[in-house]
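Chemist: If you scroll down you'll find the structure; I have some questions about it.
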Amino acid sequence: MQYRTLGRTGVQISSLALGAMNFGQIGRTSQEEATAIVDAALESGINVIDTADRYSDGESEEMVGKAIAGRRDDIVLATKAAMPMGDERNHRGSSRRWLVTALDDSLRRLGVDHVDLYQIHRWDPSTGDEETLSALTDLQRAGKIRYFGSSTFPAHRIVQAQWAAREHHLSRYVTEQPSYSILQRGIETHVLPVTEEYGLGVLVWSPLASGWLSGAIREGRSITTSRSTFMPDRFDLTLPANRARLDAVEQLAKVADEAGLTMIQLALGFVTAHPAVTGALIGPRTLDHLHAQLAAADTVLSADVLDAIDAIVAPGTDLAPHEKYDTPPALLDPSLRRR
């Protein structure tokens, strides 16, 4: 396992981090299975566990809490808030009112008195940066969080938040958690240059592109991955973006074979090769998934392999741009584009 410094925090983290989104209802993973995955991950050298209040409506946090009981101090524990938790209109977002409540709820579910990294799951356009950063700074000073970060923020919002922290003499985001894979390289254009400029740690999610890069999806095979059962549109091969992804996967499979690598090793080795990336979040649903992904822990891709990947998916390119999660609200809501 490789270890890297998380931004400018001085905290050493493993280059692979355990994401717990599949714990509970989403991944149909039981407590026994979740604990076994955590045990094996920690034994392998992984020292980061990332979850969120949104994952299975808090069930993931509860399962992580039970799995780490008695060894919390050996783990860099991260969770997130801001996504809707129920139908109540104020049980979401990044207002002070909600973050204070959401963090207490997360600490209770996790069974701990603090988290190491508290992340705003998505940018909340209805809440000002000063409001959010002030609340997070107070929670940090209260000892409930050690650091805080953003997740899936567009580049201009990362810059704006850094400016707001300086302007109002508040603590700042020290990490960003964006989506990044061989098939979704758009963050190389704006987000990663910004995180490098401000010295942010970067924990990337979906490095296997929702299973497209797992080796299970190939030409001529039925797509039966867990993700395809509840996101069928993302795997419908009649759609041009999905056909483009499959074409790329077939070419990437040849590159992996020639390099003596699995598709998972190629995919994880690619994202962790970028100098702006601190670590990659893996989200195994089973122990077999975990072991297949741990095989990439020490993978270092040669320049020839990286050049071959660039020739298949050009740097800065998203093969499925409609699946971006940092789209400005005005592009999604016509009323925001009209006076």
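Naming works like this for the structure tokens: A, B, ... for the chains as they're shown, residue 1 at the start of each chain, ligands 1 onward in shown order.
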Which residues are close to region 287-302 of chain A, i.e. within 8 Å by only C-alpha atoms, leaving aside same-chain residues fewer than 6 positions away? Reply as number ranges by chain.

Modeler: A: 1-2, 15-16, 33, 36-37, 40-41, 44, 264-266, 268-270, 273

Chemist: What are the nearest atom pairs, with distances in Å to one decimal, for all residues of region 226-332 of chain A that come at most 10 Å from region 181-200 of chain A, using only C-alpha atoms, set out by chain and rising residue number as CSV?

Modeler:
```
residue,atom,partner,partner_atom,distance
A:Ala244,CA,A:Leu183,CA,9.5
A:Arg245,CA,A:Leu183,CA,6.9
A:Leu246,CA,A:Leu183,CA,10.0
A:Ala248,CA,A:Leu183,CA,7.9
A:Val249,CA,A:Leu183,CA,8.6
A:Leu252,CA,A:Ile182,CA,9.3
A:Leu266,CA,A:Ile182,CA,9.1
A:Ala267,CA,A:Ile182,CA,6.5
A:Leu268,CA,A:Ser181,CA,8.1
A:Phe270,CA,A:Ile182,CA,7.0
A:Val271,CA,A:Ser181,CA,6.2
A:Thr272,CA,A:Ser181,CA,9.9
A:His274,CA,A:Leu192,CA,9.2
A:Pro275,CA,A:Glu196,CA,8.6
A:Ala276,CA,A:Glu196,CA,5.9
A:Val277,CA,A:Leu192,CA,8.0
A:Thr278,CA,A:Leu200,CA,9.1
A:Ala280,CA,A:Ser181,CA,9.8
A:Ile309,CA,A:Ile182,CA,7.6
A:Asp310,CA,A:Ile182,CA,8.8
A:Ile312,CA,A:Ile182,CA,9.2
A:Val313,CA,A:Leu183,CA,6.7
A:Ala314,CA,A:Arg185,CA,8.1
A:Pro315,CA,A:Arg185,CA,6.2
A:Gly316,CA,A:Gly186,CA,4.3
A:Thr317,CA,A:Arg185,CA,4.9
A:Asp318,CA,A:Gln184,CA,4.2
A:Leu319,CA,A:Leu183,CA,5.7
A:Ala320,CA,A:Gln184,CA,7.0
A:Pro321,CA,A:Gln184,CA,7.8
A:Glu323,CA,A:Gln184,CA,9.2
A:Lys324,CA,A:Gln184,CA,8.8
```

Chemist: Nearest residue to Leu281 (chain A) out of A:Tyr55, A:Tyr147, A:Tyr325, A:Tyr180, using only C-alpha atoms?

Modeler: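 Answer, going by the shortest atom-to-atom distance: A:Tyr180.
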
Chemist: For Arg97 (chain A), find every residue with an atom within 12 Å (counting only C-alpha atoms), except residues of its own chain fewer than 2 positions away, and show them as a PDB file with N, CA, C and O atoms, in the first residue's frame.

Modeler:
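Final file, selection_4.pdb:
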```pdb
ATOM      1  N   ALA A  82     -25.341  17.230   3.589  1.00  0.00           N
ATOM      2  CA  ALA A  82     -25.922  18.218   2.666  1.00  0.00           C
ATOM      3  C   ALA A  82     -26.958  17.611   1.733  1.00  0.00           C
ATOM      4  O   ALA A  82     -27.850  18.321   1.269  1.00  0.00           O
ATOM      5  N   ASN A  90     -35.863  21.516   5.332  1.00  0.00           N
ATOM      6  CA  ASN A  90     -34.653  22.006   5.991  1.00  0.00           C
ATOM      7  C   ASN A  90     -33.723  20.898   6.466  1.00  0.00           C
ATOM      8  O   ASN A  90     -32.718  21.178   7.133  1.00  0.00           O
ATOM      9  N   HIS A  91     -34.036  19.649   6.138  1.00  0.00           N
ATOM     10  CA  HIS A  91     -33.172  18.528   6.489  1.00  0.00           C
ATOM     11  C   HIS A  91     -32.262  18.206   5.303  1.00  0.00           C
ATOM     12  O   HIS A  91     -32.194  17.070   4.822  1.00  0.00           O
ATOM     13  N   ARG A  92     -31.540  19.226   4.858  1.00  0.00           N
ATOM     14  CA  ARG A  92     -30.639  19.114   3.713  1.00  0.00           C
ATOM     15  C   ARG A  92     -29.865  20.418   3.592  1.00  0.00           C
ATOM     16  O   ARG A  92     -30.143  21.392   4.286  1.00  0.00           O
ATOM     17  N   GLY A  93     -28.904  20.438   2.677  1.00  0.00           N
ATOM     18  CA  GLY A  93     -28.176  21.673   2.420  1.00  0.00           C
ATOM     19  C   GLY A  93     -27.045  21.911   3.401  1.00  0.00           C
ATOM     20  O   GLY A  93     -26.681  21.044   4.207  1.00  0.00           O
ATOM     21  N   SER A  94     -26.471  23.113   3.335  1.00  0.00           N
ATOM     22  CA  SER A  94     -25.294  23.408   4.159  1.00  0.00           C
ATOM     23  C   SER A  94     -25.492  24.645   5.031  1.00  0.00           C
ATOM     24  O   SER A  94     -24.543  25.381   5.292  1.00  0.00           O
ATOM     25  N   SER A  95     -26.726  24.852   5.488  1.00  0.00           N
ATOM     26  CA  SER A  95     -26.965  25.922   6.455  1.00  0.00           C
ATOM     27  C   SER A  95     -26.399  25.526   7.811  1.00  0.00           C
ATOM     28  O   SER A  95     -26.221  24.342   8.113  1.00  0.00           O
ATOM     29  N   LEU A  99     -26.342  21.706   9.397  1.00  0.00           N
ATOM     30  CA  LEU A  99     -25.062  21.040   9.602  1.00  0.00           C
ATOM     31  C   LEU A  99     -24.828  20.666  11.059  1.00  0.00           C
ATOM     32  O   LEU A  99     -24.290  19.599  11.355  1.00  0.00           O
ATOM     33  N   VAL A 100     -25.227  21.545  11.982  1.00  0.00           N
ATOM     34  CA  VAL A 100     -25.061  21.235  13.405  1.00  0.00           C
ATOM     35  C   VAL A 100     -25.856  19.989  13.771  1.00  0.00           C
ATOM     36  O   VAL A 100     -25.362  19.083  14.468  1.00  0.00           O
ATOM     37  N   THR A 101     -27.078  19.910  13.285  1.00  0.00           N
ATOM     38  CA  THR A 101     -27.936  18.741  13.560  1.00  0.00           C
ATOM     39  C   THR A 101     -27.418  17.503  12.850  1.00  0.00           C
ATOM     40  O   THR A 101     -27.339  16.409  13.436  1.00  0.00           O
ATOM     41  N   ALA A 102     -27.065  17.668  11.577  1.00  0.00           N
ATOM     42  CA  ALA A 102     -26.624  16.520  10.778  1.00  0.00           C
ATOM     43  C   ALA A 102     -25.362  15.895  11.351  1.00  0.00           C
ATOM     44  O   ALA A 102     -25.215  14.663  11.377  1.00  0.00           O
ATOM     45  N   LEU A 103     -24.437  16.722  11.811  1.00  0.00           N
ATOM     46  CA  LEU A 103     -23.203  16.173  12.377  1.00  0.00           C
ATOM     47  C   LEU A 103     -23.488  15.406  13.658  1.00  0.00           C
ATOM     48  O   LEU A 103     -22.954  14.308  13.863  1.00  0.00           O
ATOM     49  N   ASP A 104     -24.319  15.949  14.524  1.00  0.00           N
ATOM     50  CA  ASP A 104     -24.661  15.226  15.755  1.00  0.00           C
ATOM     51  C   ASP A 104     -25.304  13.885  15.424  1.00  0.00           C
ATOM     52  O   ASP A 104     -25.021  12.869  16.074  1.00  0.00           O
ATOM     53  N   THR A 127     -27.183  28.538  -0.070  1.00  0.00           N
ATOM     54  CA  THR A 127     -26.503  28.934   1.168  1.00  0.00           C
ATOM     55  C   THR A 127     -25.163  29.584   0.849  1.00  0.00           C
ATOM     56  O   THR A 127     -24.372  29.052   0.075  1.00  0.00           O
ATOM     57  N   GLU A 131     -21.798  31.475   5.619  1.00  0.00           N
ATOM     58  CA  GLU A 131     -22.675  30.727   6.522  1.00  0.00           C
ATOM     59  C   GLU A 131     -22.135  29.321   6.762  1.00  0.00           C
ATOM     60  O   GLU A 131     -22.013  28.858   7.901  1.00  0.00           O
ATOM     61  N   THR A 132     -21.823  28.636   5.669  1.00  0.00           N
ATOM     62  CA  THR A 132     -21.356  27.250   5.775  1.00  0.00           C
ATOM     63  C   THR A 132     -19.992  27.163   6.449  1.00  0.00           C
ATOM     64  O   THR A 132     -19.789  26.359   7.373  1.00  0.00           O
ATOM     65  N   SER A 134     -18.540  29.284   8.412  1.00  0.00           N
ATOM     66  CA  SER A 134     -18.615  29.698   9.807  1.00  0.00           C
ATOM     67  C   SER A 134     -19.095  28.547  10.686  1.00  0.00           C
ATOM     68  O   SER A 134     -18.548  28.283  11.761  1.00  0.00           O
ATOM     69  N   ALA A 135     -20.131  27.843  10.215  1.00  0.00           N
ATOM     70  CA  ALA A 135     -20.645  26.696  10.971  1.00  0.00           C
ATOM     71  C   ALA A 135     -19.585  25.602  11.084  1.00  0.00           C
ATOM     72  O   ALA A 135     -19.364  25.029  12.167  1.00  0.00           O
ATOM     73  N   LEU A 136     -18.912  25.301   9.981  1.00  0.00           N
ATOM     74  CA  LEU A 136     -17.891  24.258   9.994  1.00  0.00           C
ATOM     75  C   LEU A 136     -16.704  24.641  10.877  1.00  0.00           C
ATOM     76  O   LEU A 136     -16.151  23.794  11.592  1.00  0.00           O
TER      77      LEU A 136
END
```

Chemist: Here is a test: counting only C-alpha atoms, which residue of A:Gly45, A:Gly70, A:Gly201, A:Pro125 is nearest to Gly111 (chain A)?

Modeler: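 Under the stated criterion, the closest residue is A:Gly70.
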
Chemist: For a quick check of understanding, using only C-alpha atoms, which of A:Asp113, A:Asp257, A:Asp87, A:Gly149 has the smallest distance to Gly7 (chain A)?

Modeler: A:Gly149

Chemist: Have a look at CA of Glu176 (chain A) and CA of Lys144 (chain A) and let me know their distance in Å, one decimal.

Modeler: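 Going from CA of Glu176 (chain A) over to CA of Lys144 (chain A) covers 19.6 Å.
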
Chemist: So that I can check the surroundings of Asp326 (chain A), please list as a PyMOL selection string every protein, DNA and RNA residue that reaches within 12 Å of it, counting only C-alpha atoms and ignoring chain neighbours fewer than 2 positions away.

Modeler: chain A and resi 121-125+150-158+177-179+186-187+190-191+321-324+328-332

Chemist: So that I can see what lies close to Leu77 (chain A), please list as a PyMOL selection string the residues with an atom at most 8 Å from it, counting only C-alpha atoms and leaving out residues fewer than 6 positions away in the same chain.

Modeler: chain A and resi 48-50+115-117

Chemist: Could you jot down the CA of Arg166 (chain A) to CA of Arg146 (chain A) separation for me, Å, one decimal place?

Modeler: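 Those two atoms sit 18.7 Å apart.
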
Chemist: Compare A:Leu133, A:Leu170, A:Ala308, A:Ile26 by their minimum atom-to-atom distance to Phe230 (chain A), counting only C-alpha atoms, and give me the closest one.

Modeler: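 Smallest separation from Phe230 (chain A) among the options: A:Ile26.
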